[in-house]
Amino acid sequence: MQRRPFVFSLAALALVSAHAQPVPLRVLVHDSFELPPPLLAQFEKDAGAKLQLIKGGDAGEMLNKLILTRAKPIADVVFGIDNALLPRAEKAGVLDAYDGPAARRPSAAPLGGALVPVDYGFVALNIDKAWFAQRKLALPRSLDELAQPAYRDLLVVQNPATSSPGQAFLQATIAGLGEEAAFAWWGRLRANGVKVVKGWTEAYYTEFTRNGGTRPIVVSYASSPAAEVFFSKDAPAESPTANLFLPGGVYRQVEGVALVKGAAPAARAVAGQFIEFLRSAPVQQALQTSMWMFPAEAGAPRVEVMRRHASEPQAFSNPPAELASERSRAWQERWTRVVLK
């Protein structure tokens, strides 16, 4: 008679303890995802969650993994699918719509479908200002000029088959010039000595003259000049690099976050909280100097280094997402034939 209340109390205590345990939240992200650890720890505390960040490679590789595991999802929420990959993700049926406040608020860079925009940026040409100043060489004013003899052996690009900025730059030239004119231009660029490397790191840190290479023009990001200042030891008043926004040479990338279809029901509420977290003011500020992107939250203030040194283009050239999804492989293959073979 005396034991029953004690046994019941133990069971109740166990139930309370179980509910007090943090909810595991599996978050699939691309390799460039980075936020300050204290910010992630605060989310865990506020949401009663335990984050499991799963690095999935670049955005394309990450989406491949999501598609291959859709029968048994490896994540509850995914960050890093962008406007170029969205049609493929929707066709594969791996995302679930989220209708919380972050999805309903205006965005500085809209997406669509199930993705809630988190950040955006621009792939564009960067130049080494000192190199051009020392040689008194005027900057090219168009892609056509860039393919002329005055700029022979000055440009390094990434292979679109192995690099997301390389793919973005290729798509910008197609959208800006038209497919036939774009590949004719790439043929002239090959004859003019363009150098092709596998990825952004090699292009920027090995081939770019700013870092000891021989190429003063590189395909990079609109935020790269700001990053040059931010990481400089001598805090220069001006960036040593600058953006070169040529018509047909700028691509806007918008990254988003979404619920994963078929994920653990127990994690669904916390997954929604994570989506709200990525659009919160602290994250929208932090991502500017951790992932070097612009905040998607409309009206979000820019940090000083981005405000002063990361200019935004007045125009960009993106092909329609559906067309890019259907044609990207064919474009890559044609690019390889024109530029490499």
# chains A, B, ... in the order shown; residues from 1 in each chain; ligands from 1
$ residues_around --residues "Gly100 in chain A" --least-positions-apart "6" --cutoff "10 Å" --atoms "only C-alpha atoms" --output "PyMOL selection string"
chain A and resi 116+272-273+275-276
$ write_last_selection --atoms "all heavy atoms" --output "PDB file, in the first residue's frame"
ATOM      1  N   VAL A 116      12.491  29.356 -47.634  1.00  0.00           N
ATOM      2  CA  VAL A 116      12.432  30.661 -46.986  1.00  0.00           C
ATOM      3  C   VAL A 116      13.790  31.329 -47.182  1.00  0.00           C
ATOM      4  O   VAL A 116      14.816  30.781 -46.768  1.00  0.00           O
ATOM      5  CB  VAL A 116      12.128  30.518 -45.483  1.00  0.00           C
ATOM      6  CG1 VAL A 116      12.159  31.885 -44.794  1.00  0.00           C
ATOM      7  CG2 VAL A 116      10.778  29.843 -45.271  1.00  0.00           C
ATOM      8  N   GLY A 272      10.923  24.385 -37.300  1.00  0.00           N
ATOM      9  CA  GLY A 272      10.329  25.689 -37.581  1.00  0.00           C
ATOM     10  C   GLY A 272      11.004  26.795 -36.803  1.00  0.00           C
ATOM     11  O   GLY A 272      11.229  27.894 -37.329  1.00  0.00           O
ATOM     12  N   GLN A 273      11.365  26.510 -35.546  1.00  0.00           N
ATOM     13  CA  GLN A 273      12.080  27.500 -34.743  1.00  0.00           C
ATOM     14  C   GLN A 273      13.446  27.812 -35.357  1.00  0.00           C
ATOM     15  O   GLN A 273      13.914  28.958 -35.298  1.00  0.00           O
ATOM     16  CB  GLN A 273      12.250  26.991 -33.309  1.00  0.00           C
ATOM     17  CG  GLN A 273      10.971  26.983 -32.495  1.00  0.00           C
ATOM     18  CD  GLN A 273      11.204  26.422 -31.102  1.00  0.00           C
ATOM     19  OE1 GLN A 273      11.089  25.217 -30.880  1.00  0.00           O
ATOM     20  NE2 GLN A 273      11.536  27.286 -30.171  1.00  0.00           N
ATOM     21  N   ILE A 275      14.166  27.757 -38.553  1.00  0.00           N
ATOM     22  CA  ILE A 275      13.921  28.629 -39.701  1.00  0.00           C
ATOM     23  C   ILE A 275      13.747  30.072 -39.229  1.00  0.00           C
ATOM     24  O   ILE A 275      14.332  31.004 -39.809  1.00  0.00           O
ATOM     25  CB  ILE A 275      12.693  28.144 -40.489  1.00  0.00           C
ATOM     26  CG1 ILE A 275      13.012  26.803 -41.176  1.00  0.00           C
ATOM     27  CG2 ILE A 275      12.251  29.184 -41.522  1.00  0.00           C
ATOM     28  CD1 ILE A 275      11.835  26.164 -41.876  1.00  0.00           C
ATOM     29  N   GLU A 276      12.986  30.269 -38.169  1.00  0.00           N
ATOM     30  CA  GLU A 276      12.809  31.614 -37.618  1.00  0.00           C
ATOM     31  C   GLU A 276      14.145  32.171 -37.119  1.00  0.00           C
ATOM     32  O   GLU A 276      14.444  33.354 -37.290  1.00  0.00           O
ATOM     33  CB  GLU A 276      11.787  31.592 -36.482  1.00  0.00           C
ATOM     34  CG  GLU A 276      10.383  31.195 -36.898  1.00  0.00           C
ATOM     35  CD  GLU A 276       9.728  32.208 -37.827  1.00  0.00           C
ATOM     36  OE1 GLU A 276      10.101  33.394 -37.795  1.00  0.00           O
ATOM     37  OE2 GLU A 276       8.840  31.800 -38.615  1.00  0.00           O
TER      38      GLU A 276
END
$ select_by_dssp --residues "range 81-293 of chain A" --states "helix (DSSP H, G or I)" --output "ChimeraX atom specification"
/A:86-92,101-104,129-135,143-146,149-151,164-177,179-191,200-207,209-211,224-230,265-278,281-290
$ atom_distance --atom1 "CA of Phe33 in chain A" --atom2 "CA of Gln52 in chain A"
13.1 Å
$ closest_residue --among "A:Lys55, A:Lys129, A:Arg307, A:Lys50" --to "Phe208 in chain A" --atoms "only C-alpha atoms"
A:Lys129
$ residues_around --residues "Val260 in chain A" --least-positions-apart "4" --cutoff "7 Å" --atoms "only C-alpha atoms" --output "list in words"
Ala75, Asp76, Val77, Val78, Val94, Leu95 and Asp96 of chain A
$ residues_around --residues "range 40-43 of chain A" --least-positions-apart "6" --cutoff "12 Å" --atoms "only C-alpha atoms" --output "PyMOL selection string"
chain A and resi 22-23+25+27+34+49-53+270-271+273-278+280+282-283+286
$ closest_residue --among "A:Ala97, A:Leu287, A:Ala114, A:Leu146" --to "Val303 in chain A" --atoms "only C-alpha atoms"
A:Leu287
$ select_by_dssp --residues "range 8-205 of chain A" --states "strand (DSSP E or B)" --output "JSON, numbers by chain"
{"A": [23, 24, 25, 26, 27, 28, 29, 49, 50, 51, 52, 53, 54, 55, 77, 78, 79, 80, 81, 82, 95, 96, 107, 112, 115, 116, 117, 118, 119, 120, 121, 122, 123, 124, 125, 126, 127, 128, 155, 156, 157, 158, 195, 196, 197]}
$ write_last_selection --atoms "C-alpha atoms" --output "short mmCIF file (atom, residue, chain, number, x, y, z; two decimals), in the first residue's frame"
data_model
loop_
_atom_site.label_atom_id
_atom_site.label_comp_id
_atom_site.auth_asym_id
_atom_site.auth_seq_id
_atom_site.Cartn_x
_atom_site.Cartn_y
_atom_site.Cartn_z
CA VAL A 23 15.07 17.65 -28.92
CA PRO A 24 17.64 16.48 -31.50
CA LEU A 25 17.48 18.57 -34.66
CA ARG A 26 19.34 17.34 -37.74
CA VAL A 27 20.31 20.25 -39.96
CA LEU A 28 21.77 19.52 -43.39
CA VAL A 29 23.99 22.38 -44.61
CA ALA A 49 17.15 21.57 -28.94
CA LYS A 50 20.38 19.76 -29.66
CA LEU A 51 21.73 20.71 -33.07
CA GLN A 52 23.32 18.07 -35.26
CA LEU A 53 24.92 19.97 -38.15
CA ILE A 54 25.50 17.70 -41.13
CA LYS A 55 27.93 19.10 -43.72
CA VAL A 77 15.69 20.88 -42.01
CA VAL A 78 18.03 21.90 -44.84
CA PHE A 79 19.90 25.16 -45.43
CA GLY A 80 21.75 26.20 -48.57
CA ILE A 81 19.57 25.19 -51.50
CA ASP A 82 19.56 28.24 -53.75
CA LEU A 95 10.97 19.81 -49.28
CA ASP A 96 7.93 20.70 -47.16
CA SER A 107 12.40 39.49 -48.26
CA GLY A 112 9.70 30.82 -53.98
CA LEU A 115 12.34 27.78 -49.46
CA VAL A 116 12.43 30.66 -46.99
CA PRO A 117 15.15 33.13 -48.10
CA VAL A 118 18.04 33.54 -45.66
CA ASP A 119 20.77 35.38 -47.57
CA TYR A 120 21.82 36.46 -51.04
CA GLY A 121 24.96 37.45 -52.88
CA PHE A 122 26.44 38.05 -56.30
CA VAL A 123 29.02 36.15 -58.32
CA ALA A 124 31.02 38.70 -60.31
CA LEU A 125 34.48 39.60 -61.51
CA ASN A 126 36.98 41.00 -58.99
CA ILE A 127 40.06 42.97 -59.96
CA ASP A 128 43.40 43.74 -58.29
CA LEU A 155 41.49 36.29 -66.35
CA VAL A 156 41.09 33.15 -64.23
CA VAL A 157 37.71 31.37 -63.99
CA GLN A 158 36.43 28.24 -62.29
CA LYS A 195 42.92 30.16 -67.31
CA VAL A 196 40.54 27.54 -65.90
CA VAL A 197 40.94 26.01 -62.43
#
$ residues_around --residues "Phe183 in chain A" --least-positions-apart "5" --cutoff "12 Å" --atoms "only C-alpha atoms" --output "PyMOL selection string"
chain A and resi 170-178+188-190+331-339
$ residues_around --residues "Leu246 in chain A" --least-positions-apart "3" --cutoff "8 Å" --atoms "only C-alpha atoms" --output "PyMOL selection string"
chain A and resi 125+141-143+249-250
$ closest_residue --among "A:Gln148, A:Gln21, A:Thr162, A:Gly113" --to "Glu90 in chain A" --atoms "only C-alpha atoms"
A:Gly113
$ closest_residue --among "A:Ala84, A:Ile74, A:Ala310, A:Ala226" --to "Ser164 in chain A" --atoms "only C-alpha atoms"
A:Ala84
$ residues_around --residues "Glu238 in chain A" --least-positions-apart "4" --cutoff "10 Å" --atoms "only C-alpha atoms" --output "PyMOL selection string"
chain A and resi 225-226+228-229+242+308-309
$ atom_distance --atom1 "CA of Leu111 in chain A" --atom2 "CA of Ala258 in chain A"
11.5 Å
